[in-house]
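Participant: If you scroll down you'll find the structure; I have some questions about it.
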Protein chains: 2
Amino acid sequence: MSERFDLPHARGRTRHLYGAGALDEAPGALAADLAGRDLFLISSDPILERHRSLVEPLLALGARAETLVATDGEAGKAAAEAERLWRRLAALGARRDSVVIAFGGGSVVDLGGFVAGTFHRGIGWVAVPTTLLAQVDAAVGGKTAIDLPEAKNAVGLFHPPLAVVADPAPLATLDRAAIRAGLVEALKTGAVLDAALFDAVEAALGPALEREPGALAAIALGAARVKAALVETDLEEAGARALLNFGHTAGHAFEAAAGFGALSHGDAVAHGIGVALRLSEAVGLPAVDAGRIRAAVDRLGTPPLPALDPEAVLRFLARDKKARDGGVAWVLLDRIGAARYGARVESGRVEAAIRGALLRPGSESL
Amino acid sequence: MSERFDLPHARGRTRHLYGAGALDEAPGALAADLAGRDLFLISSDPILERHRSLVEPLLALGARAETLVATDGEAGKAAAEAERLWRRLAALGARRDSVVIAFGGGSVVDLGGFVAGTFHRGIGWVAVPTTLLAQVDAAVGGKTAIDLPEAKNAVGLFHPPLAVVADPAPLATLDRAAIRAGLVEALKTGAVLDAALFDAVEAALGPALEREPGALAAIALGAARVKAALVETDLEEAGARALLNFGHTAGHAFEAAAGFGALSHGDAVAHGIGVALRLSEAVGLPAVDAGRIRAAVDRLGTPPLPALDPEAVLRFLARDKKARDGGVAWVLLDRIGAARYGARVESGRVEAAIRGALLRPGSESL
């Protein structure tokens, strides 16, 4: 049987079903929410081709079930795509009591949640994440979003799903980069928030990289629980939730300098963690902790950064700075499991860390 | 000095400044919310041409103020327009602590609130409604929306503004149809919710139709207060707020059958009130109350309905029915100031009322 936990929010609670069997148990667990409703599956062609059968029992609960095919990947998180889906929902007669089921990776989950959160001023939805990263991150915490050409996740709202159903079954077809992205996220969550989670992810890295379902399910559950506990204390990211940006400050700048899409978000964050570790060591992170995190990230086999202009990376960092008065607010680590947000770092030190990451190719840059 | 009232909601309260002087007093009253922020004025060309000077003191509070011109009227409430405004906000460097000021009629207020509610998962906004209808309706209660080709207000969210500033100054340039639309809304609000409001609007109709600022301001304040009190008890329209749909069930069907835009919403509702009064009289609304409401609506000079196919109107009514199991849920009046929601009416009686409204041209159809 899958593991269950709840995340309370202003209008109720989100139920989480994680682990082997979650998709089999979901129709029973969610009958009260879905039975007799009109259900609208939002998914992408690659996911539907490989995994549609996994959600059929859930769809069978509905009075009817319609499938809306979204563009796969980050390209789907666009305003034009949201509009197309809103119009399809309207044309198909979706109502206030209809329910959206977002079935796919983080992009489909973000997009499906945004469409559900804004259709008829918010209808119910269920997230069925099919990547490790989405099970650990996008599906947990109620944030929904689409991108603008000017900025990722620039448009969205808080609209927690009725439930998250995270089963390891669809993870079997993930490629190595997708597994890596999920593992980086889980390692990061442990590093900043929970030493026991870090230990567990570190210990399970070998089988997880081999896509062993039990290892993946345990990592997804552990990281999702830790993220949910954080979200519960800080629903709208006023403070503590910002800790999850560890590795993202430099990571985003690498990603932006490479041109979005050229460098995967997960790999960018892996390299961003390298920068954040250097800055953290300079203000007291024990070398043994930094070393463990570097070693774990190294084991993922993250490809080296592409050749990037350090000036361009620093310019994107400065743009991040604009968003918070008085300089970039870094998340720095005190030790594994303890971090702080809002640290200011002298610009010369930042520049050296960025140049260092770019000079040394491959995992050594960490 | 303007009148003030607050409307509490889940995340705080919306302040309302209504009446002559509201725009002059707004910079003082809202300094804590706006001073030193980046302000983004969303408005339309006609409003900016006529009334821009009215908001300059408010804009002067900001660290800077940018103007985003939205397409005027209902055509602006479109997904493509929201996307254009999101992108402008991103390109201009709007941040989480930036504030949108929506300055215009109901469409600009609905659109501006939607854009603010979804940009960076929700930034603050101030509504400065420039029509009587928007001062009475769109700006009160926190609903924001855009339209789809398939349905009006189909996309949106609850995102209450920081403040509503409703001054009679911009009402001076409204045309007769726009005044009529606001007065219909105010009469309806009084008829279903508050006999004292109905009495006051009825008594002020003469000067209001002549655009006397004191009369318009008193009507806007009275109707906005009554709507706000209702919203406070029922933030998400679970029940009581549905009473405000009085006249809208048939009104929407007239509007849809005419083709959206051919018949103004206000005039459609005026005729829809006629239908709802007939159905209400048949189940006990005293003739004297029905007569007073008919007489007040007649005084507005609503043009007759265009020639519509009764079957088409009934088809649109049936579509409304789909949204609520078991038949159209009518709002019927028991007496002036008391209504009930969810009444079922035998279909033959509905058909007769619709045919009656279409057969008899002009205000007699009421």
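Chain lettering (A, B, ...) mirrors the order of the structure tokens, residue numbering begins at 1 for each chain separately, and ligand numbering begins at 1 in order of display.
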Run DSSP on the backbone and give me the residues of region 59-307 of chain A it puts in strand (DSSP E), as a count of residues only.
Facilitator: 37
Participant: Select residues of chain A: the criterion is any atom within 7 Å of an atom of chain B, counting only C-alpha atoms; output as a PyMOL selection string.
Facilitator: chain A and resi 79+83+87+90-91+95+118-122+148+150+154-158+323
Participant: Next, dump the selected residues to file, keeping only all heavy atoms, as a compact mmCIF listing (two decimals), in the first residue's frame.
Facilitator:
# COMPACT_ATOMS: atom_id res chain seq x y z
N ALA A 79 1.07 30.95 -22.44
CA ALA A 79 -0.26 31.56 -22.36
C ALA A 79 -1.16 31.05 -23.49
O ALA A 79 -2.35 30.79 -23.27
CB ALA A 79 -0.14 33.08 -22.41
N GLU A 83 -4.73 29.22 -23.01
CA GLU A 83 -5.96 29.69 -23.65
C GLU A 83 -6.62 28.56 -24.44
O GLU A 83 -7.83 28.39 -24.42
CB GLU A 83 -5.65 30.87 -24.58
CG GLU A 83 -6.92 31.41 -25.23
CD GLU A 83 -6.66 32.52 -26.23
OE1 GLU A 83 -5.48 32.73 -26.59
OE2 GLU A 83 -7.64 33.15 -26.66
N ARG A 87 -10.35 27.09 -23.67
CA ARG A 87 -11.40 27.05 -24.70
C ARG A 87 -11.92 25.64 -24.90
O ARG A 87 -13.12 25.44 -25.10
CB ARG A 87 -10.89 27.65 -26.01
CG ARG A 87 -10.58 29.14 -25.88
CD ARG A 87 -10.33 29.77 -27.23
NE ARG A 87 -11.50 29.62 -28.09
CZ ARG A 87 -11.57 30.04 -29.34
NH1 ARG A 87 -10.53 30.66 -29.87
NH2 ARG A 87 -12.66 29.87 -30.05
N ALA A 90 -14.23 24.87 -22.07
CA ALA A 90 -15.51 25.54 -22.25
C ALA A 90 -16.32 24.85 -23.35
O ALA A 90 -17.52 24.60 -23.19
CB ALA A 90 -15.30 27.02 -22.60
N ALA A 91 -15.66 24.51 -24.45
CA ALA A 91 -16.37 23.89 -25.57
C ALA A 91 -16.90 22.51 -25.17
O ALA A 91 -17.95 22.08 -25.65
CB ALA A 91 -15.45 23.78 -26.78
N ARG A 95 -17.71 22.40 -16.08
CA ARG A 95 -18.47 23.21 -15.14
C ARG A 95 -17.67 23.44 -13.86
O ARG A 95 -16.58 22.91 -13.71
CB ARG A 95 -19.77 22.49 -14.78
CG ARG A 95 -20.47 21.90 -16.00
CD ARG A 95 -21.79 21.28 -15.65
NE ARG A 95 -21.71 20.25 -14.65
CZ ARG A 95 -22.76 19.52 -14.25
NH1 ARG A 95 -23.94 19.73 -14.81
NH2 ARG A 95 -22.63 18.61 -13.33
N THR A 118 -7.79 28.81 -12.81
CA THR A 118 -8.34 30.02 -13.40
C THR A 118 -9.64 29.76 -14.17
O THR A 118 -10.34 30.71 -14.51
CB THR A 118 -7.32 30.66 -14.36
OG1 THR A 118 -6.76 29.64 -15.18
CG2 THR A 118 -6.20 31.36 -13.58
N PHE A 119 -9.94 28.49 -14.46
CA PHE A 119 -11.19 28.21 -15.19
C PHE A 119 -12.35 28.34 -14.20
O PHE A 119 -12.33 27.76 -13.12
CB PHE A 119 -11.13 26.80 -15.79
CG PHE A 119 -12.30 26.52 -16.70
CD1 PHE A 119 -12.33 27.05 -17.98
CD2 PHE A 119 -13.36 25.73 -16.28
CE1 PHE A 119 -13.41 26.81 -18.83
CE2 PHE A 119 -14.44 25.49 -17.12
CZ PHE A 119 -14.45 26.03 -18.40
N HIS A 120 -13.34 29.13 -14.58
CA HIS A 120 -14.49 29.38 -13.69
C HIS A 120 -14.02 29.79 -12.30
O HIS A 120 -14.59 29.37 -11.30
CB HIS A 120 -15.41 28.16 -13.62
CG HIS A 120 -16.30 28.05 -14.83
ND1 HIS A 120 -17.53 27.46 -14.80
CD2 HIS A 120 -16.14 28.49 -16.10
CE1 HIS A 120 -18.09 27.52 -16.00
NE2 HIS A 120 -17.25 28.15 -16.81
N ARG A 121 -13.00 30.59 -12.26
CA ARG A 121 -12.40 31.09 -11.00
C ARG A 121 -11.95 29.97 -10.07
O ARG A 121 -11.93 30.12 -8.86
CB ARG A 121 -13.37 32.02 -10.28
CG ARG A 121 -13.70 33.26 -11.11
CD ARG A 121 -14.28 34.38 -10.26
NE ARG A 121 -14.61 35.51 -11.10
CZ ARG A 121 -15.78 35.66 -11.72
NH1 ARG A 121 -16.72 34.78 -11.58
NH2 ARG A 121 -15.99 36.72 -12.48
N GLY A 122 -11.53 28.84 -10.70
CA GLY A 122 -10.91 27.79 -9.89
C GLY A 122 -11.76 26.55 -9.75
O GLY A 122 -12.74 26.56 -9.02
N LEU A 148 6.43 33.14 -19.40
CA LEU A 148 6.38 34.17 -20.45
C LEU A 148 7.71 34.09 -21.20
O LEU A 148 8.70 33.59 -20.65
CB LEU A 148 6.24 35.56 -19.84
CG LEU A 148 4.98 35.84 -19.05
CD1 LEU A 148 5.03 37.26 -18.47
CD2 LEU A 148 3.74 35.66 -19.92
N GLU A 150 9.61 36.36 -21.44
CA GLU A 150 10.49 37.20 -20.63
C GLU A 150 10.97 36.50 -19.36
O GLU A 150 12.01 36.89 -18.82
CB GLU A 150 9.77 38.50 -20.24
CG GLU A 150 9.54 39.48 -21.37
CD GLU A 150 8.39 39.07 -22.28
OE1 GLU A 150 7.65 38.12 -21.95
OE2 GLU A 150 8.24 39.70 -23.36
N ALA A 154 6.41 33.17 -14.62
CA ALA A 154 6.07 34.57 -14.30
C ALA A 154 4.58 34.76 -14.05
O ALA A 154 4.18 35.76 -13.46
CB ALA A 154 6.52 35.48 -15.43
N VAL A 155 3.78 33.81 -14.50
CA VAL A 155 2.33 33.92 -14.36
C VAL A 155 1.81 32.65 -13.68
O VAL A 155 2.20 31.54 -14.07
CB VAL A 155 1.67 34.10 -15.75
CG1 VAL A 155 0.15 33.98 -15.65
CG2 VAL A 155 2.08 35.44 -16.35
N GLY A 156 0.98 32.81 -12.69
CA GLY A 156 0.45 31.64 -12.02
C GLY A 156 -0.34 32.03 -10.79
O GLY A 156 -0.64 33.21 -10.59
N LEU A 157 -0.71 31.03 -10.01
CA LEU A 157 -1.41 31.31 -8.77
C LEU A 157 -1.25 30.12 -7.83
O LEU A 157 -0.86 29.04 -8.25
CB LEU A 157 -2.89 31.61 -9.01
CG LEU A 157 -3.83 30.48 -9.40
CD1 LEU A 157 -5.27 30.92 -9.20
CD2 LEU A 157 -3.64 30.07 -10.84
N PHE A 158 -1.53 30.35 -6.57
CA PHE A 158 -1.62 29.25 -5.62
C PHE A 158 -2.98 28.59 -5.80
O PHE A 158 -4.01 29.24 -5.65
CB PHE A 158 -1.48 29.76 -4.19
CG PHE A 158 -0.08 30.13 -3.84
CD1 PHE A 158 0.36 31.42 -3.97
CD2 PHE A 158 0.82 29.16 -3.41
CE1 PHE A 158 1.66 31.77 -3.67
CE2 PHE A 158 2.13 29.50 -3.10
CZ PHE A 158 2.55 30.80 -3.25
N ALA A 323 15.30 42.02 -8.14
CA ALA A 323 14.05 41.58 -7.52
C ALA A 323 14.07 41.72 -6.01
O ALA A 323 13.07 41.56 -5.36
CB ALA A 323 13.75 40.15 -7.93
Participant: Select from region 76-215 of chain B everything DSSP, run on the backbone, classes as helix (DSSP H, G or I), then give the selection as a tab-separated table (two decimals) with N, CA and C atoms, in the first residue's frame.
Facilitator:
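Full text of selection23.tsv as output:
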chain	number	residue	atom	x	y	z
B	76	GLY	N	-11.36	43.87	-24.60
B	76	GLY	CA	-10.10	43.81	-23.86
B	76	GLY	C	-10.01	42.65	-22.90
B	79	ALA	N	-7.82	36.58	-23.49
B	79	ALA	CA	-6.57	35.94	-23.08
B	79	ALA	C	-5.37	36.59	-23.77
B	80	ALA	N	-5.52	36.93	-25.04
B	80	ALA	CA	-4.39	37.52	-25.76
B	80	ALA	C	-4.01	38.87	-25.14
B	81	GLU	N	-5.01	39.60	-24.68
B	81	GLU	CA	-4.76	40.90	-24.05
B	81	GLU	C	-4.09	40.70	-22.68
B	82	ALA	N	-4.54	39.72	-21.94
B	82	ALA	CA	-3.89	39.43	-20.65
B	82	ALA	C	-2.43	39.07	-20.89
B	83	GLU	N	-2.17	38.25	-21.89
B	83	GLU	CA	-0.80	37.85	-22.17
B	83	GLU	C	0.06	39.07	-22.54
B	84	ARG	N	-0.51	39.95	-23.36
B	84	ARG	CA	0.23	41.15	-23.75
B	84	ARG	C	0.58	41.98	-22.51
B	85	LEU	N	-0.35	42.11	-21.61
B	85	LEU	CA	-0.10	42.90	-20.40
B	85	LEU	C	0.89	42.19	-19.47
B	86	TRP	N	0.78	40.88	-19.31
B	86	TRP	CA	1.78	40.15	-18.51
B	86	TRP	C	3.18	40.40	-19.07
B	87	ARG	N	3.28	40.31	-20.40
B	87	ARG	CA	4.60	40.48	-21.01
B	87	ARG	C	5.12	41.90	-20.82
B	88	ARG	N	4.22	42.87	-20.91
B	88	ARG	CA	4.65	44.26	-20.68
B	88	ARG	C	5.12	44.43	-19.24
B	89	LEU	N	4.38	43.87	-18.32
B	89	LEU	CA	4.80	43.96	-16.91
B	89	LEU	C	6.18	43.34	-16.73
B	90	ALA	N	6.39	42.17	-17.33
B	90	ALA	CA	7.69	41.49	-17.18
B	90	ALA	C	8.79	42.32	-17.83
B	91	ALA	N	8.50	42.84	-19.03
B	91	ALA	CA	9.53	43.60	-19.75
B	91	ALA	C	9.87	44.90	-19.01
B	106	GLY	N	-15.85	48.42	-16.11
B	106	GLY	CA	-15.83	47.06	-15.58
B	106	GLY	C	-14.87	46.15	-16.31
B	107	SER	N	-14.75	46.32	-17.61
B	107	SER	CA	-13.86	45.44	-18.37
B	107	SER	C	-12.41	45.65	-17.98
B	108	VAL	N	-12.00	46.91	-17.87
B	108	VAL	CA	-10.61	47.20	-17.48
B	108	VAL	C	-10.36	46.73	-16.05
B	109	VAL	N	-11.35	46.90	-15.19
B	109	VAL	CA	-11.19	46.46	-13.80
B	109	VAL	C	-11.08	44.93	-13.74
B	110	ASP	N	-11.93	44.24	-14.47
B	110	ASP	CA	-11.87	42.77	-14.48
B	110	ASP	C	-10.54	42.28	-15.04
B	111	LEU	N	-10.13	42.88	-16.15
B	111	LEU	CA	-8.87	42.49	-16.81
B	111	LEU	C	-7.66	42.84	-15.93
B	112	GLY	N	-7.64	44.05	-15.44
B	112	GLY	CA	-6.50	44.49	-14.62
B	112	GLY	C	-6.37	43.64	-13.35
B	113	GLY	N	-7.49	43.30	-12.75
B	113	GLY	CA	-7.46	42.46	-11.56
B	113	GLY	C	-6.98	41.05	-11.88
B	114	PHE	N	-7.40	40.54	-13.04
B	114	PHE	CA	-6.95	39.21	-13.46
B	114	PHE	C	-5.45	39.19	-13.71
B	115	VAL	N	-4.97	40.20	-14.40
B	115	VAL	CA	-3.53	40.28	-14.70
B	115	VAL	C	-2.74	40.40	-13.40
B	116	ALA	N	-3.21	41.25	-12.48
B	116	ALA	CA	-2.52	41.40	-11.19
B	116	ALA	C	-2.59	40.10	-10.39
B	117	GLY	N	-3.71	39.42	-10.44
B	117	GLY	CA	-3.90	38.22	-9.63
B	117	GLY	C	-3.07	37.04	-10.09
B	118	THR	N	-2.59	37.07	-11.32
B	118	THR	CA	-1.85	35.94	-11.87
B	118	THR	C	-0.39	36.28	-12.13
B	132	LEU	N	-20.45	54.00	-13.49
B	132	LEU	CA	-21.34	53.73	-12.36
B	132	LEU	C	-21.48	52.23	-12.17
B	133	LEU	N	-21.61	51.48	-13.28
B	133	LEU	CA	-21.77	50.03	-13.17
B	133	LEU	C	-20.56	49.40	-12.49
B	134	ALA	N	-19.37	49.80	-12.88
B	134	ALA	CA	-18.16	49.22	-12.28
B	134	ALA	C	-18.04	49.62	-10.81
B	135	GLN	N	-18.48	50.84	-10.46
B	135	GLN	CA	-18.42	51.26	-9.06
B	135	GLN	C	-19.38	50.45	-8.19
B	136	VAL	N	-20.49	50.05	-8.81
B	136	VAL	CA	-21.51	49.30	-8.09
B	136	VAL	C	-21.20	47.80	-8.09
B	169	ALA	N	-16.27	61.92	-10.25
B	169	ALA	CA	-15.72	62.80	-11.29
B	169	ALA	C	-15.74	62.17	-12.69
B	170	PRO	N	-15.22	60.95	-12.87
B	170	PRO	CA	-15.21	60.40	-14.23
B	170	PRO	C	-16.60	60.03	-14.76
B	171	LEU	N	-17.59	59.97	-13.88
B	171	LEU	CA	-18.94	59.61	-14.34
B	171	LEU	C	-19.56	60.72	-15.18
B	172	ALA	N	-18.98	61.92	-15.11
B	172	ALA	CA	-19.56	63.07	-15.82
B	172	ALA	C	-19.59	62.87	-17.33
B	173	THR	N	-18.71	62.02	-17.84
B	173	THR	CA	-18.67	61.85	-19.30
B	173	THR	C	-19.38	60.58	-19.78
B	176	ARG	N	-25.72	57.90	-21.88
B	176	ARG	CA	-26.96	57.51	-21.23
B	176	ARG	C	-27.04	56.00	-21.01
B	177	ALA	N	-26.55	55.23	-21.99
B	177	ALA	CA	-26.61	53.77	-21.85
B	177	ALA	C	-25.77	53.30	-20.67
B	178	ALA	N	-24.64	53.95	-20.46
B	178	ALA	CA	-23.76	53.55	-19.37
B	178	ALA	C	-24.38	53.91	-18.02
B	179	ILE	N	-25.02	55.07	-17.94
B	179	ILE	CA	-25.72	55.45	-16.71
B	179	ILE	C	-26.85	54.44	-16.42
B	180	ARG	N	-27.58	54.11	-17.48
B	180	ARG	CA	-28.70	53.17	-17.37
B	180	ARG	C	-28.21	51.82	-16.82
B	181	ALA	N	-27.07	51.36	-17.34
B	181	ALA	CA	-26.54	50.07	-16.92
B	181	ALA	C	-26.21	50.07	-15.42
B	182	GLY	N	-25.66	51.17	-14.94
B	182	GLY	CA	-25.35	51.26	-13.52
B	182	GLY	C	-26.60	51.33	-12.67
B	183	LEU	N	-27.59	52.08	-13.17
B	183	LEU	CA	-28.82	52.22	-12.39
B	183	LEU	C	-29.61	50.92	-12.34
B	184	VAL	N	-29.63	50.17	-13.44
B	184	VAL	CA	-30.30	48.86	-13.42
B	184	VAL	C	-29.66	47.98	-12.36
B	185	GLU	N	-28.34	47.98	-12.32
B	185	GLU	CA	-27.63	47.16	-11.35
B	185	GLU	C	-27.97	47.58	-9.91
B	186	ALA	N	-28.01	48.89	-9.69
B	186	ALA	CA	-28.31	49.38	-8.34
B	186	ALA	C	-29.75	49.06	-7.94
B	187	LEU	N	-30.69	49.24	-8.89
B	187	LEU	CA	-32.09	48.90	-8.60
B	187	LEU	C	-32.22	47.41	-8.29
B	188	LYS	N	-31.55	46.59	-9.07
B	188	LYS	CA	-31.61	45.14	-8.87
B	188	LYS	C	-31.06	44.77	-7.51
B	189	THR	N	-29.92	45.37	-7.14
B	189	THR	CA	-29.30	45.06	-5.85
B	189	THR	C	-30.26	45.41	-4.72
B	190	GLY	N	-30.88	46.56	-4.83
B	190	GLY	CA	-31.87	46.94	-3.82
B	190	GLY	C	-33.07	46.00	-3.82
B	191	ALA	N	-33.56	45.67	-5.01
B	191	ALA	CA	-34.76	44.84	-5.10
B	191	ALA	C	-34.56	43.49	-4.42
B	192	VAL	N	-33.39	42.87	-4.62
B	192	VAL	CA	-33.21	41.53	-4.06
B	192	VAL	C	-32.69	41.54	-2.63
B	193	LEU	N	-32.01	42.61	-2.23
B	193	LEU	CA	-31.29	42.54	-0.95
B	193	LEU	C	-31.67	43.58	0.09
B	195	ALA	N	-34.41	46.81	0.88
B	195	ALA	CA	-35.51	47.69	0.48
B	195	ALA	C	-35.11	49.17	0.62
B	196	ALA	N	-34.31	49.50	1.62
B	196	ALA	CA	-33.91	50.90	1.81
B	196	ALA	C	-33.06	51.37	0.63
B	197	LEU	N	-32.19	50.49	0.13
B	197	LEU	CA	-31.41	50.85	-1.05
B	197	LEU	C	-32.33	51.05	-2.25
B	198	PHE	N	-33.29	50.16	-2.41
B	198	PHE	CA	-34.21	50.33	-3.54
B	198	PHE	C	-34.94	51.67	-3.45
B	199	ASP	N	-35.43	51.99	-2.26
B	199	ASP	CA	-36.13	53.27	-2.06
B	199	ASP	C	-35.22	54.43	-2.45
B	200	ALA	N	-33.96	54.37	-1.99
B	200	ALA	CA	-33.03	55.48	-2.22
B	200	ALA	C	-32.72	55.63	-3.71
B	201	VAL	N	-32.51	54.51	-4.39
B	201	VAL	CA	-32.19	54.58	-5.82
B	201	VAL	C	-33.41	55.09	-6.59
B	202	GLU	N	-34.56	54.56	-6.24
B	202	GLU	CA	-35.81	54.99	-6.88
B	202	GLU	C	-35.99	56.51	-6.72
B	203	ALA	N	-35.73	57.01	-5.51
B	203	ALA	CA	-35.93	58.43	-5.24
B	203	ALA	C	-34.92	59.31	-5.99
B	204	ALA	N	-33.74	58.75	-6.26
B	204	ALA	CA	-32.67	59.55	-6.89
B	204	ALA	C	-32.60	59.36	-8.40
B	205	LEU	N	-33.54	58.60	-8.98
B	205	LEU	CA	-33.44	58.29	-10.41
B	205	LEU	C	-33.40	59.53	-11.29
B	206	GLY	N	-34.25	60.51	-10.95
B	206	GLY	CA	-34.32	61.71	-11.80
B	206	GLY	C	-32.97	62.41	-11.91
B	207	PRO	N	-32.42	62.87	-10.79
B	207	PRO	CA	-31.11	63.53	-10.86
B	207	PRO	C	-30.00	62.60	-11.38
B	208	ALA	N	-30.09	61.32	-11.06
B	208	ALA	CA	-29.05	60.40	-11.52
B	208	ALA	C	-29.05	60.32	-13.05
B	209	LEU	N	-30.24	60.28	-13.64
B	209	LEU	CA	-30.31	60.23	-15.10
B	209	LEU	C	-29.78	61.52	-15.72
B	213	PRO	N	-23.75	64.64	-9.90
B	213	PRO	CA	-22.71	63.87	-9.21
B	213	PRO	C	-23.11	63.38	-7.82
B	214	GLY	N	-23.80	64.22	-7.06
B	214	GLY	CA	-24.20	63.81	-5.72
B	214	GLY	C	-25.12	62.60	-5.75
B	215	ALA	N	-26.05	62.61	-6.71
B	215	ALA	CA	-26.99	61.49	-6.81
B	215	ALA	C	-26.26	60.22	-7.23
Participant: Could you jot down the CA of Glu232 (chain B) to CA of Arg4 (chain B) separation for me, Å, one decimal place?
Facilitator: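 Taking CA of Glu232 (chain B) and CA of Arg4 (chain B), their separation equals 15.8 Å.
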Participant: Could you check the closest approach to Ala31 (chain B) for each of B:Arg64, B:Ala318, B:Ala282, B:Pro57 and tell me which residue wins, using only C-alpha atoms?
Facilitator: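 So, comparing all the options, the nearest one is B:Pro57.
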Participant: Counting only C-alpha atoms, what is within 12 Å of Ala22 (chain A), bar same-chain residues fewer than 6 positions away, as a ChimeraX atom specification?
Facilitator: /A:1-4,15-16,28-30,54-55,57-58,128-129,163-170,217,221
Participant: Could you jot down the CA of Arg340 (chain A) to CA of Leu243 (chain A) separation for me, Å, one decimal place?
Facilitator: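 CA of Leu243 (chain A) lies at a distance of 6.7 Å from CA of Arg340 (chain A).
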Participant: With distances taken over only C-alpha atoms, which residue among B:Glu210, B:Gly261, B:Tyr18, B:Gly124 lies nearest Glu74 (chain B)?
Facilitator: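 Selected residue with least distance to Glu74 (chain B): B:Gly261.
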Participant: Name the residues in contact with Gly251 (chain A) at a cut-off of 7 Å, using only C-alpha atoms, excluding same-chain residues fewer than 3 positions from it; report them as a ChimeraX atom specification.
Facilitator: /A:247-248,254-255,268-269,271-272
Participant: To one decimal in Å, tell me the separation between CA of Gly141 (chain B) and CA of Leu162 (chain A).
Facilitator: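 Interatomic distance, CA of Gly141 (chain B) to CA of Leu162 (chain A): 25.3 Å.
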Participant: Excluding same-chain residues fewer than 2 positions from Asp38 (chain A), what lies within 7 Å of it counting only C-alpha atoms, as a ChimeraX atom specification?
Facilitator: /A:36,40,62-65,98-99
